[in-house]
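Take a look at the structure set out below.
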Amino acid sequence: QVRLVESGGGLVQAGSSLRLSCAASGFPFSQFAMGWFRQAPGKDREFVAGIKWSGDSTRYADSVKGRFTISKDDAGNTVILQMNSLKPEDTAVYYCASDRQRRRYITPTLVRDFNSWGQGTQVNVSS
């Protein structure tokens, strides 16, 4: 049974940093791409960052490029989202997700590409 558990959210001021972690279990973590998404009140869930199964390719939403970094620790079955220079518009619930299939060449970015989700962790950025 796939299990994804996020942690690291909180309330911070604009310009601060947060480090989100996602602990994964129940599937061969090293063989699957992972992603981070977020959802603000009244808005659709949106892609934030994704990392290829091998860890050697990443993709980011334009809104976070240059500020957020995704990484994957296969030994610890963990995916990290380092968030720097946070802005009030980054306020949302952040979700970790695992790819629905093994993809050799592509880093997925669409919600429908992922079939397992964590419960989310709240990030609030005050101005």
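Ordering of the structure tokens sets the chain letters (A, B, ...); residue numbers start at 1 within each chain; ligands are numbered from 1 in the order shown.
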
Non-local contacts of Gln31 in chain A (10 Å; only C-alpha atoms; under 5 positions in same chain excluded) as a list in words: Lys52, Trp53, Ser54, Gly55, Asp74, Asp99, Gln101, Arg102, Arg103 and Arg104 of chain A

Restricting the output to C-alpha atoms, write the selected residues as a short mmCIF file (atom, residue, chain, number, x, y, z; two decimals), in the first residue's frame.
```
data_model
loop_
_atom_site.label_atom_id
_atom_site.label_comp_id
_atom_site.auth_asym_id
_atom_site.auth_seq_id
_atom_site.Cartn_x
_atom_site.Cartn_y
_atom_site.Cartn_z
CA LYS A 52 12.47 12.13 -12.66
CA TRP A 53 12.79 8.63 -11.19
CA SER A 54 16.58 8.82 -11.58
CA GLY A 55 16.83 12.19 -9.87
CA ASP A 74 16.40 7.01 -2.71
CA ASP A 99 3.85 8.85 -10.54
CA GLN A 101 3.73 4.51 -13.90
CA ARG A 102 7.42 4.01 -14.48
CA ARG A 103 8.61 6.58 -17.02
CA ARG A 104 12.13 6.24 -18.31
#
```

Close residues, Ala75 in chain A itself excluded, 12 Å, only C-alpha atoms, min 4 positions apart in chain, as a list in words: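 What passes the distance filter is Ala23, Ala24, Ser25, Pro28, Phe29, Ser30 and Val79 of chain A.
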
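Per DSSP on the backbone, helix (DSSP H, G or I) in chain A comprises Phe29, Ser30, Gln31, Pro88, Glu89, Asp90, Val111, Arg112 and Asp113 of chain A.
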
I need the chosen residues saved as an mmCIF file, in the first residue's frame, with all heavy atoms.
```cif
data_model
loop_
_atom_site.group_PDB
_atom_site.id
_atom_site.type_symbol
_atom_site.label_atom_id
_atom_site.label_comp_id
_atom_site.auth_asym_id
_atom_site.auth_seq_id
_atom_site.Cartn_x
_atom_site.Cartn_y
_atom_site.Cartn_z
ATOM 1 N N PHE A 29 10.358 3.097 -4.527
ATOM 2 C CA PHE A 29 10.512 4.543 -4.634
ATOM 3 C C PHE A 29 11.543 4.957 -5.682
ATOM 4 O O PHE A 29 11.334 5.913 -6.428
ATOM 5 C CB PHE A 29 10.919 5.081 -3.259
ATOM 6 C CG PHE A 29 11.138 6.560 -3.190
ATOM 7 C CD1 PHE A 29 10.071 7.431 -3.080
ATOM 8 C CD2 PHE A 29 12.428 7.089 -3.206
ATOM 9 C CE1 PHE A 29 10.265 8.805 -3.004
ATOM 10 C CE2 PHE A 29 12.640 8.456 -3.136
ATOM 11 C CZ PHE A 29 11.555 9.314 -3.033
ATOM 12 N N SER A 30 12.645 4.254 -5.756
ATOM 13 C CA SER A 30 13.736 4.643 -6.664
ATOM 14 C C SER A 30 13.351 4.514 -8.136
ATOM 15 O O SER A 30 14.052 5.039 -9.001
ATOM 16 C CB SER A 30 14.980 3.796 -6.381
ATOM 17 O OG SER A 30 14.728 2.429 -6.663
ATOM 18 N N GLN A 31 12.250 3.849 -8.433
ATOM 19 C CA GLN A 31 11.852 3.610 -9.815
ATOM 20 C C GLN A 31 10.770 4.557 -10.313
ATOM 21 O O GLN A 31 10.341 4.448 -11.466
ATOM 22 C CB GLN A 31 11.361 2.160 -9.962
ATOM 23 C CG GLN A 31 12.411 1.125 -9.623
ATOM 24 C CD GLN A 31 11.872 -0.292 -9.717
ATOM 25 O OE1 GLN A 31 10.916 -0.557 -10.446
ATOM 26 N NE2 GLN A 31 12.478 -1.200 -8.959
ATOM 27 N N PRO A 88 3.850 35.730 -0.276
ATOM 28 C CA PRO A 88 2.483 35.468 0.197
ATOM 29 C C PRO A 88 1.685 34.602 -0.776
ATOM 30 O O PRO A 88 0.864 33.780 -0.347
ATOM 31 C CB PRO A 88 1.884 36.865 0.327
ATOM 32 C CG PRO A 88 3.058 37.740 0.638
ATOM 33 C CD PRO A 88 4.185 37.169 -0.177
ATOM 34 N N GLU A 89 1.938 34.730 -2.063
ATOM 35 C CA GLU A 89 1.207 33.935 -3.055
ATOM 36 C C GLU A 89 1.616 32.467 -3.051
ATOM 37 O O GLU A 89 1.020 31.651 -3.746
ATOM 38 C CB GLU A 89 1.369 34.529 -4.459
ATOM 39 C CG GLU A 89 2.790 34.812 -4.873
ATOM 40 C CD GLU A 89 3.176 36.267 -4.644
ATOM 41 O OE1 GLU A 89 2.829 36.832 -3.571
ATOM 42 O OE2 GLU A 89 3.835 36.843 -5.532
ATOM 43 N N ASP A 90 2.631 32.107 -2.285
ATOM 44 C CA ASP A 90 2.995 30.701 -2.119
ATOM 45 C C ASP A 90 2.130 30.008 -1.061
ATOM 46 O O ASP A 90 2.239 28.786 -0.878
ATOM 47 C CB ASP A 90 4.461 30.562 -1.713
ATOM 48 C CG ASP A 90 5.422 31.025 -2.794
ATOM 49 O OD1 ASP A 90 5.165 30.733 -3.976
ATOM 50 O OD2 ASP A 90 6.419 31.691 -2.451
ATOM 51 N N VAL A 111 -1.525 16.728 -12.977
ATOM 52 C CA VAL A 111 -2.181 16.055 -11.855
ATOM 53 C C VAL A 111 -2.528 14.619 -12.219
ATOM 54 O O VAL A 111 -2.330 13.689 -11.434
ATOM 55 C CB VAL A 111 -3.446 16.828 -11.421
ATOM 56 C CG1 VAL A 111 -4.242 16.022 -10.407
ATOM 57 C CG2 VAL A 111 -3.069 18.184 -10.826
ATOM 58 N N ARG A 112 -3.037 14.411 -13.432
ATOM 59 C CA ARG A 112 -3.469 13.078 -13.840
ATOM 60 C C ARG A 112 -2.313 12.094 -14.028
ATOM 61 O O ARG A 112 -2.541 10.892 -14.157
ATOM 62 C CB ARG A 112 -4.286 13.138 -15.137
ATOM 63 C CG ARG A 112 -3.516 13.625 -16.343
ATOM 64 C CD ARG A 112 -4.354 13.472 -17.613
ATOM 65 N NE ARG A 112 -3.629 13.861 -18.807
ATOM 66 C CZ ARG A 112 -3.761 15.038 -19.384
ATOM 67 N NH1 ARG A 112 -4.585 15.948 -18.862
ATOM 68 N NH2 ARG A 112 -3.092 15.331 -20.489
ATOM 69 N N ASP A 113 -1.067 12.593 -14.034
ATOM 70 C CA ASP A 113 0.092 11.705 -14.148
ATOM 71 C C ASP A 113 0.373 10.979 -12.837
ATOM 72 O O ASP A 113 1.139 10.016 -12.811
ATOM 73 C CB ASP A 113 1.347 12.491 -14.530
ATOM 74 C CG ASP A 113 1.299 13.022 -15.955
ATOM 75 O OD1 ASP A 113 0.616 12.406 -16.784
ATOM 76 O OD2 ASP A 113 1.939 14.057 -16.210
#
```

Top pick for closest residue to Val5 in chain A, considering A:Ser57, A:Ser63, A:Ser71, A:Gln119 and counting only C-alpha atoms: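 Closest to Val5 in chain A, using only C-alpha atoms: A:Gln119.
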
Counting only C-alpha atoms, the option among A:Phe27, A:Phe37, A:Glu46, A:Arg59 closest to Thr107 in chain A: A:Arg59

Phe114 in chain A environment, 12 Å, only C-alpha atoms, sequence neighbours closer than 3 positions dropped, as an MDAnalysis selection string: chainID A and resid 32:37 47 50 95:103 107:111 117:118

Residues within 10 Å of Met83 in chain A, only C-alpha atoms, excluding chain neighbours under 6 positions, as a list in words: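 Once the nearby chain positions are removed, what remains is Gly15, Ser16, Ser17, Leu18, Arg19, Leu20, Val64, Gly66, Arg67, Phe68, Thr69, Ile70 and Asp90 of chain A.
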
Would you mind exporting the chosen residues as a PDB file, in the first residue's frame, restricted to C-alpha atoms?
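This went into out_5.pdb:
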```
ATOM      1  CA  GLY A  15      11.421  36.216   2.219  1.00  0.00           C
ATOM      2  CA  SER A  16      11.869  33.255   4.551  1.00  0.00           C
ATOM      3  CA  SER A  17      12.605  29.631   3.731  1.00  0.00           C
ATOM      4  CA  LEU A  18      10.901  26.325   4.462  1.00  0.00           C
ATOM      5  CA  ARG A  19      11.912  22.744   3.767  1.00  0.00           C
ATOM      6  CA  LEU A  20       9.130  20.284   3.044  1.00  0.00           C
ATOM      7  CA  VAL A  64       8.700  29.030  -8.346  1.00  0.00           C
ATOM      8  CA  GLY A  66      14.834  29.893  -9.146  1.00  0.00           C
ATOM      9  CA  ARG A  67      13.335  29.856  -5.636  1.00  0.00           C
ATOM     10  CA  PHE A  68      12.317  26.213  -5.059  1.00  0.00           C
ATOM     11  CA  THR A  69      14.430  23.077  -5.403  1.00  0.00           C
ATOM     12  CA  ILE A  70      13.189  19.494  -5.479  1.00  0.00           C
ATOM     13  CA  ASP A  90       2.995  30.701  -2.119  1.00  0.00           C
TER      14      ASP A  90
END
```

Point-to-point distance in Å for CA of Gln39 in chain A and CA of Ala61 in chain A: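 Atom-to-atom, CA of Ala61 in chain A and CA of Gln39 in chain A are spaced 13.4 Å apart.
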
Strand (DSSP E or B) positions in range 23-121 of chain A, given as a PyMOL selection string: chain A and resi 23-25+34-39+46-51+58-60+68-73+78-83+92-99+114-117+121

Atom-to-atom span, CA of Lys65 in chain A and CA of Ile51 in chain A, Å: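 So the answer is 13.6 Å.
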
Nearest residue to Ser7 in chain A from the set A:Ala92, A:Val123, A:Ala40, A:Leu86 (distances using only C-alpha atoms):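 Of A:Ala92, A:Val123, A:Ala40, A:Leu86, the one nearest Ser7 in chain A, counting only C-alpha atoms, is A:Val123.
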
Minimum-distance residue to Gln1 in chain A, chosen among A:Ser21, A:Gln13, A:Gln82, A:Ser116 (using only C-alpha atoms):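 Of A:Ser21, A:Gln13, A:Gln82, A:Ser116, the one nearest Gln1 in chain A is A:Ser116, counting only C-alpha atoms.
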
Proximity to Ser127 in chain A - best of A:Val12, A:Lys72, A:Leu4, A:Gly26, only C-alpha atoms: A:Val12

d(CA of Tyr105 in chain A, CA of Asp56 in chain A) in Å: 10.5 Å

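Residue nearest Ile80 in chain A, chosen from A:Val48, A:Ala14, A:Val2, A:Cys22 and counting only C-alpha atoms: A:Cys22.
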